[in-house]
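S.K.: Sharing a structure here in structure tokens format.
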Amino acid sequence: MNKRLNKKRMKTIPLLVLIIIMVGLSFLLGRQSVAAQKRSTQENTIASSSSSATKIVTATSASSSVTPTFYITGSGGTAHPLDRLIEGMFPTLNPQKDCLNLQVDISKNDKLTVSGSINPLDKTPIIEFATVKGTISGEIYAKAIKVAMDYLVSKYHYQAINLVGYSSGGTGAIYYMMDYANVANLPKVKKYLSLDGEYNTEAHFQVGETLTSLLTNGPILKTPMYDYIASHYSQINPETQIYLLEGNWNTAEQTDGAIPWADTFSIYHLLMANKNPVSIYLYPTQYKHGRVVLEPLVQNYIKKIIY
């Protein structure tokens with residue numbers, strides 16, 4: 001697309017964008033929710049009880065009341081961005097020790113390596129997922145996520161789970177929910193939060209296209225990634241609550257510095273057609289795509305929605 005034409009076209013923010021930003025800000029700038037405060041209280045309880053052996057909680061007995069959150073890293077393949085995100089949300093946690101870390105090496109036939117831990121008293125445990133070698137392939141991501149989920153089911157017997165997909169990890173999350181998440185023995189995805197996720201291979205708005213028209217009709221430019229989602233989105237559980245979060249780093253270019261608004265929001269109309277509860281937010285930030293995990297608004301948003 002001709003970038004100069006795009007710049008001329010985007011001299012003002014559409015009214016809908018302003019509404020999204022205002023609603024997002026009013027939500028994100030509030031105090032922590034009761035659920036987030038409950039997570040903080042739970043951390044203290046876990047810490048104070050970790051040295052006691054008077055009560056044994058087995059994975060099987062706790063599984064029905066436990067909902068972990070599964071954080072999926074981006075195309076770099078390492079868990080470092082997830083570490084920064086979790087440290088920002090819960091400063092008392094050491095992600096490498098206090099969270100479960102699952103690495104499925106896609107360059108070694110999806111070899112699974114497990115480190116870290118889950119405290120059996122934790123009702124909302126945190127799980128980090130990385131592919132070791134980087135990828136942008138939704139199919140490769142989904143297959144590796146399935147390996148991790150099979151481990152979680154066999155070890156912890158989880159019945160429900162939340163997903164947070166960062167960047168290309170969002171591609172993997174959507175592909176997983178389409179290809180595998182309705183398999184009977186896998187945990188039901190209750191909530192999915194997309195953090196600057198990629199669903200249309202970084203496709204920008206085309207000439208004459210607006211955010212309003214995109215949300216209503218879908219994108220004009222459709223890449224194979226988008227086409228696959230458009231052909232399989234009906235496999236996503238319609239009860240899954242979905243949140244599409246995108247950084248407003250550059251309003252004129254309509255991008256977070258890597259993923260255009262037109263990409264992240266390209267699947268909105270499909271999810272609505274699938275009757276999923278869907279919320280979208282453009283959040284103001286000085287952080288480009290690769291550093292949005294450091295954005296306090298992002299951290300607070302995840303705490304409010306997930307915890």
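Residue numbering restarts at 1 for every chain of the structure tokens, chains are lettered A, B, ... in their displayed order, and ligands are numbered from 1 as they appear.
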Which residues are close to stretch 102-108 of chain A, i.e. within 8 Å by only C-alpha atoms, leaving aside same-chain residues fewer than 2 positions away? Reply as a list of chain:residue names.
M.R.: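 The contact residues come out as A:Leu100, A:Asp110, A:Lys111, A:Leu112, A:Thr113, A:Val114, A:Ser115, A:Ile127, A:Glu128, A:Phe129, A:Ala130, A:Thr131, A:Val132, A:Lys133, A:Ile140, A:Ala144, A:Ile145, A:Val147, A:Ala148.
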S.K.: Go through A:Asn248, A:Ser117, A:Thr212, A:Thr264 one by one, measure the shortest atom-to-atom distance of each to A:Tyr287 using only C-alpha atoms, and give the residue with the smallest value.
M.R.: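 Going through A:Asn248, A:Ser117, A:Thr212, A:Thr264 one by one, the smallest distance to A:Tyr287 is for A:Asn248.
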S.K.: Using atom CA of A:Ile72 and atom CA of A:Tyr281 as the two end points, give the distance in Å to one decimal.
M.R.: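 Atom CA of A:Tyr281 lies 19.6 Å from atom CA of A:Ile72.
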S.K.: Among stretch 160-216 of chain A, which residues carry a DSSP assignment of alpha helix (DSSP H), reported as a PyMOL selection string?
M.R.: chain A and resi 168-179+211-216
S.K.: Just checking: using only C-alpha atoms, which residue out of A:Val153, A:Met178, A:Ile306, A:Leu245 ends up closest to A:Thr124?
M.R.: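 Ranking A:Val153, A:Met178, A:Ile306, A:Leu245 by distance to A:Thr124, first place goes to A:Ile306.
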S.K.: Compile the contact shell of A:Tyr233 as a tab-separated table (two decimals) with C-alpha atoms, in the first residue's frame: residues with an atom at most 8 Å away, counting only C-alpha atoms, same-chain residues fewer than 6 positions apart removed.
M.R.:
```tsv
chain	number	residue	atom	x	y	z
A	178	MET	CA	-9.53	-23.66	16.18
A	270	LEU	CA	-15.40	-13.26	12.61
A	271	LEU	CA	-15.49	-13.64	16.38
A	274	ASN	CA	-19.18	-16.82	16.06
```
S.K.: May I ask for the distance between atom CA of A:Asn162 and atom CA of A:Leu193, given in Å to one decimal place?
M.R.: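 According to the coordinates, atom CA of A:Asn162 and atom CA of A:Leu193 are separated by 8.1 Å.
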S.K.: What are the closest atom pairs, with distances in Å to one decimal, for each residue of stretch 84-176 of chain A lying within 10 Å of stretch 294-305 of chain A, using only C-alpha atoms, rows by chain and rising residue number, as CSV?
M.R.:
```
residue,atom,partner,partner_atom,distance
A:Arg84,CA,A:Leu294,CA,6.6
A:Leu85,CA,A:Leu294,CA,6.1
A:Ile86,CA,A:Gln299,CA,8.0
A:Glu87,CA,A:Leu294,CA,9.2
A:Gly88,CA,A:Gln299,CA,6.6
A:Met89,CA,A:Gln299,CA,5.4
A:Phe90,CA,A:Gln299,CA,9.2
A:Val164,CA,A:Ile302,CA,8.6
```
